[in-house]
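A.B. asks: Please find upload25.tsv (TSV, C-alpha atoms and all ligand atoms) on the next line:
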```tsv
chain	number	residue	atom	x	y	z
Z	1	MET	CA	7.26	2.98	20.87
Z	2	VAL	CA	8.52	0.22	18.58
Z	3	ILE	CA	10.54	0.91	15.43
Z	4	VAL	CA	10.44	-2.03	13.04
Z	5	ALA	CA	13.24	-1.84	10.48
Z	6	CYS	CA	12.80	-3.49	7.08
Z	7	GLY	CA	15.72	-1.99	5.09
Z	8	GLY	CA	15.82	0.37	2.11
Z	9	THR	CA	18.03	3.38	1.39
Z	10	ILE	CA	17.48	4.51	4.99
Z	11	ALA	CA	19.76	1.58	5.96
Z	12	MET	CA	22.18	1.87	3.01
Z	13	VAL	CA	25.55	3.56	2.40
Z	14	LYS	CA	27.63	4.58	-0.59
Z	15	ALA	CA	30.35	1.99	-1.37
Z	16	PRO	CA	33.87	3.06	-2.51
Z	17	ASP	CA	32.74	2.72	-6.15
Z	18	GLY	CA	30.09	5.38	-5.50
Z	19	LYS	CA	27.13	2.97	-5.76
Z	20	VAL	CA	24.60	2.56	-2.96
Z	21	VAL	CA	24.34	-0.78	-1.13
Z	22	PRO	CA	22.65	-2.19	2.02
Z	23	PHE	CA	24.63	-1.68	5.24
Z	24	ALA	CA	24.60	-4.43	7.87
Z	25	GLN	CA	24.61	-1.89	10.72
Z	26	GLY	CA	22.11	0.37	8.98
Z	27	ASN	CA	19.82	0.57	12.00
Z	28	ALA	CA	22.56	1.90	14.26
Z	29	MET	CA	21.73	5.28	12.71
Z	30	ILE	CA	18.42	5.25	14.62
Z	31	ASP	CA	20.20	5.09	18.00
Z	32	GLU	CA	22.10	8.24	17.15
Z	33	ILE	CA	19.11	10.44	16.24
Z	34	GLN	CA	19.20	13.46	18.51
Z	35	GLY	CA	16.07	14.04	20.57
Z	36	LEU	CA	14.43	10.69	19.75
Z	37	SER	CA	14.59	9.30	23.30
Z	38	GLU	CA	13.01	12.51	24.62
Z	39	ILE	CA	9.83	11.79	22.63
Z	40	ALA	CA	9.41	8.13	23.53
Z	41	GLU	CA	11.18	5.08	24.89
Z	42	ILE	CA	12.24	3.22	21.77
Z	43	GLU	CA	12.54	-0.51	21.09
Z	44	ILE	CA	14.14	-1.31	17.71
Z	45	VAL	CA	13.20	-4.61	16.05
Z	46	GLU	CA	14.96	-5.64	12.85
Z	47	PHE	CA	12.41	-7.41	10.66
Z	48	SER	CA	14.70	-7.51	7.61
Z	49	ASN	CA	17.43	-5.46	5.96
Z	50	VAL	CA	16.48	-5.66	2.30
Z	51	PRO	CA	15.99	-3.25	-0.60
Z	52	SER	CA	12.24	-2.84	-0.91
Z	53	PRO	CA	12.01	-4.47	-4.38
Z	54	TYR	CA	12.83	-7.66	-2.41
Z	55	MET	CA	9.63	-7.38	-0.32
Z	56	THR	CA	7.12	-10.16	-0.93
Z	57	PRO	CA	3.44	-10.57	0.02
Z	58	LYS	CA	4.53	-13.25	2.51
Z	59	MET	CA	6.92	-10.75	4.16
Z	60	MET	CA	4.13	-8.15	4.29
Z	61	PHE	CA	1.88	-10.70	5.96
Z	62	ASP	CA	4.57	-11.59	8.55
Z	63	LEU	CA	5.24	-7.89	9.15
Z	64	SER	CA	1.53	-7.27	9.68
Z	65	ARG	CA	1.43	-10.05	12.28
Z	66	LEU	CA	4.41	-8.54	14.07
Z	67	VAL	CA	2.88	-5.04	14.05
Z	68	ASN	CA	-0.48	-6.39	15.29
Z	69	GLU	CA	1.32	-8.22	18.13
Z	70	LYS	CA	3.33	-5.16	19.15
Z	71	LEU	CA	0.26	-2.92	19.14
Z	72	GLN	CA	-1.50	-5.31	21.50
Z	73	GLU	CA	1.15	-4.58	24.15
Z	74	GLU	CA	-0.33	-2.07	26.55
Z	75	ASP	CA	2.78	0.12	26.85
Z	76	VAL	CA	3.21	0.42	23.06
Z	77	ALA	CA	1.57	3.64	21.85
Z	78	GLY	CA	2.32	3.08	18.18
Z	79	VAL	CA	4.68	1.50	15.68
Z	80	VAL	CA	7.05	3.13	13.20
Z	81	VAL	CA	8.19	0.99	10.26
Z	82	THR	CA	11.29	1.91	8.21
Z	83	HIS	CA	11.26	0.58	4.64
Z	84	GLY	CA	12.58	1.27	1.14
Z	85	THR	CA	10.62	3.89	-0.78
Z	86	ASP	CA	10.18	1.84	-3.97
Z	87	THR	CA	7.44	-0.46	-2.68
Z	88	LEU	CA	6.62	1.34	0.55
Z	89	GLU	CA	3.10	2.23	-0.58
Z	90	GLU	CA	2.27	-1.46	-1.09
Z	91	THR	CA	3.45	-2.55	2.36
Z	92	ALA	CA	1.75	0.51	3.88
Z	93	TYR	CA	-1.58	-0.38	2.26
Z	94	PHE	CA	-1.18	-4.03	3.28
Z	95	LEU	CA	-0.73	-2.92	6.90
Z	96	ASP	CA	-3.62	-0.47	6.61
Z	97	LEU	CA	-5.91	-3.30	5.50
Z	98	THR	CA	-4.73	-5.88	8.03
Z	99	VAL	CA	-3.66	-4.13	11.23
Z	100	VAL	CA	-6.68	-4.03	13.49
Z	101	SER	CA	-5.96	-1.35	16.04
Z	102	GLU	CA	-6.71	2.29	16.72
Z	103	LYS	CA	-3.05	2.86	17.54
Z	104	PRO	CA	-1.05	4.55	14.79
Z	105	VAL	CA	1.34	2.85	12.39
Z	106	VAL	CA	3.71	5.25	10.62
Z	107	MET	CA	5.87	4.06	7.75
Z	108	THR	CA	8.93	6.05	6.81
Z	109	ALA	CA	12.02	5.84	4.61
Z	110	SER	CA	14.71	7.99	3.08
Z	111	MET	CA	15.65	9.00	-0.43
Z	112	ARG	CA	19.27	9.76	0.54
Z	113	ASN	CA	21.51	7.10	2.03
Z	114	ILE	CA	23.13	7.31	5.48
Z	115	ASN	CA	26.40	8.95	4.44
Z	116	GLU	CA	24.99	11.24	1.77
Z	117	LEU	CA	25.01	15.01	2.28
Z	118	GLY	CA	21.58	16.15	3.54
Z	119	THR	CA	20.40	12.62	4.29
Z	120	ASP	CA	16.70	12.65	5.14
Z	121	GLY	CA	16.54	9.39	7.14
Z	122	PRO	CA	17.11	10.67	10.70
Z	123	ARG	CA	14.65	13.55	10.33
Z	124	ASN	CA	12.02	11.26	8.82
Z	125	VAL	CA	12.38	8.80	11.71
Z	126	LEU	CA	12.22	11.60	14.28
Z	127	SER	CA	9.05	13.08	12.76
Z	128	SER	CA	7.47	9.64	12.39
Z	129	VAL	CA	8.04	8.93	16.07
Z	130	ARG	CA	6.45	12.30	16.87
Z	131	VAL	CA	3.37	11.30	14.88
Z	132	ALA	CA	3.16	7.78	16.30
Z	133	ALA	CA	3.44	9.22	19.83
Z	134	SER	CA	0.76	11.85	19.22
Z	135	PRO	CA	-2.74	11.15	20.62
Z	136	THR	CA	-4.15	12.92	17.53
Z	137	ALA	CA	-2.75	10.14	15.30
Z	138	LYS	CA	-5.16	7.53	16.69
Z	139	GLY	CA	-7.67	6.07	14.26
Z	140	HIS	CA	-5.85	7.11	11.08
Z	141	GLY	CA	-4.63	3.56	10.37
Z	142	THR	CA	-1.31	3.23	8.59
Z	143	MET	CA	0.27	6.50	7.52
Z	144	VAL	CA	3.34	7.35	5.46
Z	145	LEU	CA	5.64	10.13	6.61
Z	146	LEU	CA	8.51	11.61	4.62
Z	147	ASN	CA	9.57	15.22	4.32
Z	148	ASP	CA	7.32	16.14	7.29
Z	149	GLU	CA	4.11	15.30	5.39
Z	150	ILE	CA	1.68	12.70	6.73
Z	151	HIS	CA	-0.15	10.69	4.04
Z	152	ALA	CA	-2.83	7.99	4.17
Z	153	ALA	CA	-1.57	4.56	3.09
Z	154	ARG	CA	-4.49	4.09	0.70
Z	155	GLU	CA	-3.84	7.38	-1.10
Z	156	VAL	CA	-0.09	7.85	-1.18
Z	157	THR	CA	2.27	7.00	-4.03
Z	158	LYS	CA	5.94	7.49	-4.90
Z	159	THR	CA	6.00	10.12	-7.64
Z	160	TYR	CA	9.65	11.04	-8.11
Z	161	THR	CA	12.57	8.67	-8.69
Z	162	SER	CA	15.12	10.82	-6.88
Z	163	ASN	CA	13.70	13.80	-4.98
Z	164	VAL	CA	13.12	13.81	-1.20
Z	165	ALA	CA	9.61	15.23	-1.82
Z	166	THR	CA	8.65	12.04	-3.62
Z	167	PHE	CA	5.47	10.95	-1.77
Z	168	GLU	CA	2.19	12.54	-2.78
Z	169	SER	CA	-1.48	11.67	-2.55
Z	170	PRO	CA	-2.84	12.72	-5.97
Z	171	GLY	CA	-6.40	13.91	-5.73
Z	172	TYR	CA	-6.28	14.01	-1.93
Z	173	GLY	CA	-3.23	15.80	-0.51
Z	174	PRO	CA	-1.62	15.00	2.83
Z	175	LEU	CA	-3.57	14.17	6.00
Z	176	GLY	CA	-1.37	16.55	7.92
Z	177	ILE	CA	2.13	17.78	8.62
Z	178	VAL	CA	4.82	17.84	11.27
Z	179	ASP	CA	5.87	21.44	11.90
Z	180	GLU	CA	8.96	21.51	14.14
Z	181	ASP	CA	7.74	19.48	17.13
Z	182	THR	CA	4.00	19.90	16.45
Z	183	VAL	CA	1.88	17.25	14.73
Z	184	ILE	CA	-1.07	18.75	12.84
Z	185	PHE	CA	-3.85	16.75	11.17
Z	186	PHE	CA	-6.02	18.61	8.67
Z	187	ARG	CA	-8.37	15.78	7.77
Z	188	LYS	CA	-9.18	12.07	8.13
Z	189	SER	CA	-9.79	9.46	5.46
Z	190	LEU	CA	-13.38	8.20	5.71
Z	191	VAL	CA	-12.96	5.18	3.45
Z	192	ARG	CA	-10.68	2.95	5.51
Z	193	ARG	CA	-11.43	-0.64	6.36
Z	194	SER	CA	-9.43	-3.42	8.10
Z	195	TYR	CA	-9.79	-7.18	7.72
Z	196	GLU	CA	-8.79	-9.86	10.20
Z	197	ILE	CA	-7.10	-12.49	8.04
Z	198	ASP	CA	-5.30	-15.80	8.58
Z	199	SER	CA	-3.93	-16.12	5.06
Z	200	ILE	CA	-3.51	-14.26	1.78
Z	201	GLU	CA	-3.65	-15.28	-1.88
Z	202	GLU	CA	-0.20	-14.58	-3.30
Z	203	ARG	CA	-0.89	-15.63	-6.90
Z	204	VAL	CA	-2.45	-12.34	-7.97
Z	205	ALA	CA	-1.07	-10.73	-11.14
Z	206	LEU	CA	-1.06	-7.09	-12.19
Z	207	ILE	CA	-1.27	-6.44	-15.93
Z	208	LYS	CA	-1.16	-3.02	-17.51
Z	209	THR	CA	-2.91	-2.94	-20.87
Z	210	PHE	CA	-1.58	-1.00	-23.85
Z	211	THR	CA	-2.74	0.19	-27.26
Z	212	GLY	CA	-2.93	-2.77	-29.62
Z	213	ASP	CA	-2.95	-5.30	-26.72
Z	214	ASN	CA	-4.42	-8.56	-28.08
Z	215	GLY	CA	-5.13	-10.10	-24.65
Z	216	GLU	CA	-2.57	-12.89	-25.07
Z	217	ILE	CA	-0.69	-12.06	-21.87
Z	218	LEU	CA	-3.91	-12.27	-19.84
Z	219	ARG	CA	-4.82	-15.62	-21.40
Z	220	LEU	CA	-1.45	-17.03	-20.27
Z	221	LEU	CA	-2.14	-16.38	-16.58
Z	222	PRO	CA	-3.99	-19.63	-15.74
Z	223	ALA	CA	-1.13	-21.71	-17.21
Z	224	LEU	CA	1.25	-19.74	-15.00
Z	225	GLU	CA	-0.95	-20.65	-12.01
Z	226	TYR	CA	-2.20	-17.18	-11.22
Z	227	ARG	CA	-5.52	-17.26	-9.37
Z	228	ALA	CA	-6.65	-13.67	-9.86
Z	229	VAL	CA	-5.64	-10.55	-11.76
Z	230	VAL	CA	-5.84	-6.77	-11.62
Z	231	VAL	CA	-6.00	-5.14	-15.06
Z	232	GLU	CA	-4.86	-1.54	-15.32
Z	233	GLY	CA	-6.95	-0.06	-18.13
Z	234	PHE	CA	-7.27	3.38	-19.64
Z	235	GLY	CA	-9.23	6.46	-18.49
Z	236	ARG	CA	-12.61	5.74	-16.87
Z	237	GLY	CA	-11.84	2.00	-17.06
Z	238	ASN	CA	-11.65	0.92	-20.69
Z	239	VAL	CA	-9.55	-1.65	-22.57
Z	240	PRO	CA	-9.05	-2.78	-26.21
Z	241	PRO	CA	-11.76	-5.27	-27.40
Z	242	PRO	CA	-9.51	-8.40	-27.42
Z	243	VAL	CA	-8.49	-7.61	-23.82
Z	244	ALA	CA	-12.19	-7.42	-22.87
Z	245	ASP	CA	-12.69	-10.88	-24.43
Z	246	ALA	CA	-9.69	-12.25	-22.52
Z	247	MET	CA	-11.00	-10.76	-19.26
Z	248	GLU	CA	-14.43	-12.33	-19.84
Z	249	TYR	CA	-12.75	-15.69	-20.56
Z	250	LEU	CA	-10.89	-15.54	-17.23
Z	251	VAL	CA	-14.03	-14.55	-15.29
Z	252	ASN	CA	-16.68	-16.72	-16.89
Z	253	SER	CA	-14.81	-19.77	-18.20
Z	254	LEU	CA	-12.29	-20.07	-15.37
Z	255	GLY	CA	-14.02	-18.33	-12.44
Z	256	MET	CA	-11.04	-16.04	-11.87
Z	257	PRO	CA	-11.58	-12.75	-10.01
Z	258	VAL	CA	-10.67	-9.94	-12.44
Z	259	ILE	CA	-10.44	-6.38	-11.09
Z	260	LEU	CA	-10.33	-3.33	-13.35
Z	261	VAL	CA	-8.53	-0.11	-12.36
Z	262	SER	CA	-7.25	2.87	-14.34
Z	263	ARG	CA	-3.79	4.05	-15.24
Z	264	CYS	CA	-4.99	7.61	-14.43
Z	265	PRO	CA	-3.59	8.67	-11.04
Z	266	LYS	CA	-6.88	10.35	-10.04
Z	267	GLY	CA	-10.56	9.39	-10.17
Z	268	ARG	CA	-12.68	6.23	-10.10
Z	269	VAL	CA	-13.32	3.66	-12.79
Z	270	LEU	CA	-17.04	3.41	-13.50
Z	271	ASP	CA	-19.47	1.58	-15.80
Z	272	VAL	CA	-19.94	4.59	-18.09
Z	273	TYR	CA	-18.87	3.42	-21.57
Z	274	ALA	CA	-20.97	0.66	-23.11
Z	275	TYR	CA	-18.86	0.02	-26.23
Z	276	ARG	CA	-17.00	-3.31	-26.46
Z	277	GLY	CA	-14.14	-2.96	-23.95
Z	278	GLY	CA	-15.74	0.00	-22.14
Z	279	GLY	CA	-16.29	-0.12	-18.37
Z	280	ALA	CA	-20.04	-0.83	-18.64
Z	281	ASP	CA	-19.38	-3.70	-21.07
Z	282	LEU	CA	-16.67	-5.14	-18.78
Z	283	LYS	CA	-18.91	-4.95	-15.73
Z	284	LYS	CA	-21.69	-6.75	-17.61
Z	285	ARG	CA	-19.19	-9.50	-18.44
Z	286	GLY	CA	-18.38	-10.05	-14.73
Z	287	VAL	CA	-15.37	-7.82	-14.21
Z	288	ILE	CA	-15.19	-6.06	-10.81
Z	289	LEU	CA	-14.50	-2.32	-10.85
Z	290	GLY	CA	-11.69	-1.39	-8.46
Z	291	GLN	CA	-12.66	2.22	-7.73
Z	292	GLU	CA	-9.87	4.80	-7.46
Z	293	VAL	CA	-7.05	2.71	-6.03
Z	294	SER	CA	-3.94	2.25	-8.18
Z	295	GLY	CA	-3.10	-1.07	-9.82
Z	296	GLN	CA	-0.49	-1.95	-7.21
Z	297	LYS	CA	-2.87	-1.12	-4.35
Z	298	ALA	CA	-5.81	-3.01	-5.92
Z	299	ARG	CA	-3.53	-6.06	-6.15
Z	300	ILE	CA	-2.66	-5.79	-2.44
Z	301	LYS	CA	-6.36	-5.48	-1.59
Z	302	LEU	CA	-7.27	-8.48	-3.72
Z	303	MET	CA	-4.56	-10.63	-2.08
Z	304	VAL	CA	-5.91	-9.67	1.34
Z	305	LEU	CA	-9.58	-10.10	0.40
Z	306	LEU	CA	-8.99	-13.55	-1.11
Z	307	GLY	CA	-7.50	-14.60	2.23
Z	308	TRP	CA	-10.76	-13.50	3.81
Z	309	THR	CA	-13.43	-14.60	1.33
Z	310	GLU	CA	-13.79	-16.32	-2.03
Z	311	ASP	CA	-17.38	-15.17	-2.46
Z	312	ARG	CA	-17.53	-13.22	-5.72
Z	313	GLU	CA	-20.40	-11.00	-4.60
Z	314	VAL	CA	-18.63	-10.08	-1.36
Z	315	LEU	CA	-15.48	-9.27	-3.36
Z	316	ARG	CA	-17.54	-7.10	-5.67
Z	317	LYS	CA	-19.06	-5.24	-2.74
Z	318	GLU	CA	-15.69	-4.70	-1.07
Z	319	PHE	CA	-14.34	-3.14	-4.25
Z	320	GLU	CA	-17.36	-1.41	-5.76
Z	321	VAL	CA	-19.51	-0.03	-2.96
Z	322	PRO	CA	-18.07	3.21	-1.57
Z	323	MET	CA	-17.53	3.04	2.19
Z	324	GLY	CA	-20.03	5.79	2.97
Z	325	GLN	CA	-22.77	3.62	1.46
Z	326	ARG	CA	-22.37	0.47	3.52
Z	327	ARG	CA	-22.04	-0.90	7.01
Z	328	VAL	CA	-18.43	-1.32	8.10
Z	329	ILE	CA	-16.91	-3.70	10.60
Z	330	TYR	CA	-14.00	-1.57	11.78
Z	331	ASP	CA	-14.91	2.04	11.36
Z	332	PHE	CA	-12.47	4.04	13.42
P	401	LIG	N1	15.70	1.22	-3.84
P	401	LIG	C1	15.44	1.68	-2.50
P	401	LIG	C2	14.44	0.76	-1.85
P	401	LIG	O1	13.26	0.89	-2.09
P	401	LIG	C3	14.94	3.06	-2.56
P	401	LIG	C4	14.69	3.70	-1.25
P	401	LIG	O2	14.70	3.13	-0.18
P	401	LIG	O3	14.48	4.93	-1.29
P	401	LIG	O4	14.84	-0.08	-1.07
```
Could you render the structure as structure tokens?
Ligand code: ASP
C.D. replies:
Amino acid sequence: MVIVACGGTIAMVKAPDGKVVPFAQGNAMIDEIQGLSEIAEIEIVEFSNVPSPYMTPKMMFDLSRLVNEKLQEEDVAGVVVTHGTDTLEETAYFLDLTVVSEKPVVMTASMRNINELGTDGPRNVLSSVRVAASPTAKGHGTMVLLNDEIHAAREVTKTYTSNVATFESPGYGPLGIVDEDTVIFFRKSLVRRSYEIDSIEERVALIKTFTGDNGEILRLLPALEYRAVVVEGFGRGNVPPPVADAMEYLVNSLGMPVILVSRCPKGRVLDVYAYRGGGADLKKRGVILGQEVSGQKARIKLMVLLGWTEDREVLRKEFEVPMGQRRVIYDF
């Protein structure tokens, strides 16, 4: 079993002034977790020791390469990745889309730092190793484990700024749980897909629209050298009329891929409303509908897809056609 450490509160301590900071020996905590070596032989690899707001798409890409390499080793049953909670769901989804293996990848973290009362880091690592070592975890792709709940990378999101029960999968629920030393899966996500990529497109913006938005921010993107954008709209996938005009300008005058998602945490965007700025109007103007993934996840997917294809119709299919309705390359 390989544990790849990236940093985050799980590798941080409280300084004398009471504020939490990264700790150079943060990963030493892993060596001291009772019972870990009884589950699996552990190799710890330090990828980085950064707060997760410091993660970049390039780092995610390098991490994905490392995880793919480790999983190719015959005696490695799975990989656990420790990471900060803030952006964990983005790195998890990146790995889910780009790690091509049936072996499990389990990402974990902690909400409480190493020397805080009731710290959750050691328990989360222990349970993650249990999952990664479990034969039942095969074929689930990248999972997120905190607080003994197992979530699918595509579905999970951080919901609470401070509580240890912060990760939830709105509209789905967890894939399973760890109960003492038993790993239990209740279900499997049927809409996963992995892509073998050699590069990614990093210049992808994420813009959340707002009431009274005049589209000016979107129109600035080409000058700022962004190559694609995800727009987080309202409800079923609707935006103010000037934003619709700006989106059409980016798609049709500049050939930029523009993906529409919703700020609602549950449900798909769909071409239902035909008024100016409604989802049906946007689709007619060339905007791609991003289904039910969140804005931050749609951006990760677009960065990965643009490293794989520039073909607009293929991009549309990858976003718009539900997995059950098309042939898949890696269907675990
Ligand atoms: N700010 C921290 C980070 O994401 C929070 C955490 O790890 O829980 O690195």
A.B. asks: Between atom CA of Z:Gln72 and atom CA of Z:Glu102, what is the distance in Å, rounded to a tenth?
C.D. replies: 10.4 Å
A.B. asks: List all protein, DNA and RNA residues that have an atom no more than 8 Å from any atom of ligand LIG 401 (chain P), counting all atoms listed in the file, and report them as JSON, numbers by chain.
C.D. replies: {"Z": [7, 8, 9, 10, 50, 51, 52, 53, 54, 83, 84, 85, 86, 87, 88, 109, 110, 111, 112]}
A.B. asks: So, counting only C-alpha atoms, which residue among Z:Val191, Z:Ile150, Z:Ala133, Z:Leu117 is closest to Z:Gly176?
C.D. replies: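 With only C-alpha atoms as the atom set, the closest residue is Z:Ile150.
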A.B. asks: Need to verify the contact set: Z:Ala298, 9 Å, only C-alpha atoms, exclusion of same-chain residues closer than 2 positions in sequence. Can you return it as a ChimeraX atom specification?
C.D. replies: /Z:206,230,259-261,290-296,300-303,319
A.B. asks: Work out how far atom CA of Z:Tyr195 is from atom CA of Z:Thr98, in Å to one decimal.
C.D. replies: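 Separation between atom CA of Z:Thr98 and atom CA of Z:Tyr195: 5.2 Å.
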A.B. asks: Please indicate the distance in Å from atom CA of Z:Thr91 to atom CA of Z:Met55, rounded to one decimal place.
C.D. replies: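 Here the two named atoms are 8.3 Å from each other.
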A.B. asks: Skip Z:Glu313 itself and residues of its chain fewer than 5 positions away, then list as a list in words all residues within 12 Å of it, counting all atoms listed in the file.
C.D. replies: Pro257, Gly286, Val287, Ile288, Leu305, Glu318, Phe319, Glu320 and Val321 of chain Z
A.B. asks: Could you write those residues out with C-alpha atoms, as a PDB file, keeping the file's coordinate frame?
C.D. replies:
```pdb
ATOM      1  CA  PRO Z 257     -11.580 -12.750 -10.010  1.00  0.00           C
ATOM      2  CA  GLY Z 286     -18.380 -10.050 -14.730  1.00  0.00           C
ATOM      3  CA  VAL Z 287     -15.370  -7.820 -14.210  1.00  0.00           C
ATOM      4  CA  ILE Z 288     -15.190  -6.060 -10.810  1.00  0.00           C
ATOM      5  CA  LEU Z 305      -9.580 -10.100   0.400  1.00  0.00           C
ATOM      6  CA  GLU Z 318     -15.690  -4.700  -1.070  1.00  0.00           C
ATOM      7  CA  PHE Z 319     -14.340  -3.140  -4.250  1.00  0.00           C
ATOM      8  CA  GLU Z 320     -17.360  -1.410  -5.760  1.00  0.00           C
ATOM      9  CA  VAL Z 321     -19.510  -0.030  -2.960  1.00  0.00           C
TER      10      VAL Z 321
END
```
A.B. asks: Leaving out Z:Val243 and any residue of its chain fewer than 3 positions from it, which residues lie within 10 Å of it when counting only C-alpha atoms, given as a PyMOL selection string?
C.D. replies: chain Z and resi 209-210+212-219+231+233+238-240+246-249+276-277+282
A.B. asks: Any idea what's packed within 12 Å of Z:Glu73, counting all atoms listed in the file, ignoring anything in its chain fewer than 4 positions away? Could you give it as a ChimeraX atom specification?
C.D. replies: /Z:1-2,66-69,77-79,101,103
A.B. asks: Keeping only C-alpha atoms, write the selected residues as a CSV table (one decimal), keeping the file's coordinate frame.
C.D. replies:
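Output file result-v5.csv is given in full below:
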```
chain,number,residue,atom,x,y,z
Z,1,MET,CA,7.3,3.0,20.9
Z,2,VAL,CA,8.5,0.2,18.6
Z,66,LEU,CA,4.4,-8.5,14.1
Z,67,VAL,CA,2.9,-5.0,14.0
Z,68,ASN,CA,-0.5,-6.4,15.3
Z,69,GLU,CA,1.3,-8.2,18.1
Z,77,ALA,CA,1.6,3.6,21.8
Z,78,GLY,CA,2.3,3.1,18.2
Z,79,VAL,CA,4.7,1.5,15.7
Z,101,SER,CA,-6.0,-1.4,16.0
Z,103,LYS,CA,-3.0,2.9,17.5
```
A.B. asks: Z:Asp181, Z:Glu116, Z:Asp96, Z:Glu196: which is nearest Z:Ser134, counting only C-alpha atoms?
C.D. replies: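 Ranking Z:Asp181, Z:Glu116, Z:Asp96, Z:Glu196 by distance to Z:Ser134, first place goes to Z:Asp181.
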A.B. asks: Give me the residues within 8 Å of Z:Leu270 as a ChimeraX atom specification, counting only C-alpha atoms and dropping any in the same chain fewer than 5 places off.
C.D. replies: /Z:236-237,279-280,289,291
A.B. asks: Which of these, Z:Leu36, Z:Cys264, Z:Glu46, Z:Asn115, has the shortest distance to Z:Val20 once you count only C-alpha atoms?
C.D. replies: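 Under the stated criterion, the closest residue is Z:Asn115.
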A.B. asks: In terms of the shortest atom-to-atom distance over all atoms listed in the file, which of Z:Tyr172, Z:Phe61, Z:Trp308, Z:Phe186 is closest to Z:Gly267?
C.D. replies: Z:Tyr172
A.B. asks: Taking every listed atom of stretch 276-282 of chain Z and adding 4 Å to each side, what centre and edge lengths in Å (one decimal) does the axis-aligned box have, as JSON?
C.D. replies:
```
{"center_x": -17.1, "center_y": -2.6, "center_z": -22.4, "size_x": 13.9, "size_y": 13.1, "size_z": 16.1}
```
A.B. asks: Can you work out which one of Z:Glu155, Z:Glu201, Z:Asp311, Z:Glu149 has the shortest atom-to-atom distance to Z:Val183, counting all atoms listed in the file?
C.D. replies: Z:Glu149
A.B. asks: Using only C-alpha atoms, which residue out of Z:Gly35, Z:Phe47, Z:Ile114, Z:Ala28 lies closest to Z:Met12?
C.D. replies: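 The closest residue to Z:Met12 is Z:Ile114.
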A.B. asks: Every residue with an atom at most 8 Å from (9.9, 13.7, 17.3) (file coordinates; all atoms listed in the file) is what I'm after, so could you write them as a list in words?
C.D. replies: Gly35, Leu36, Ile39, Val125, Leu126, Ser127, Ser128, Val129, Arg130, Val131 and Asp181 of chain Z
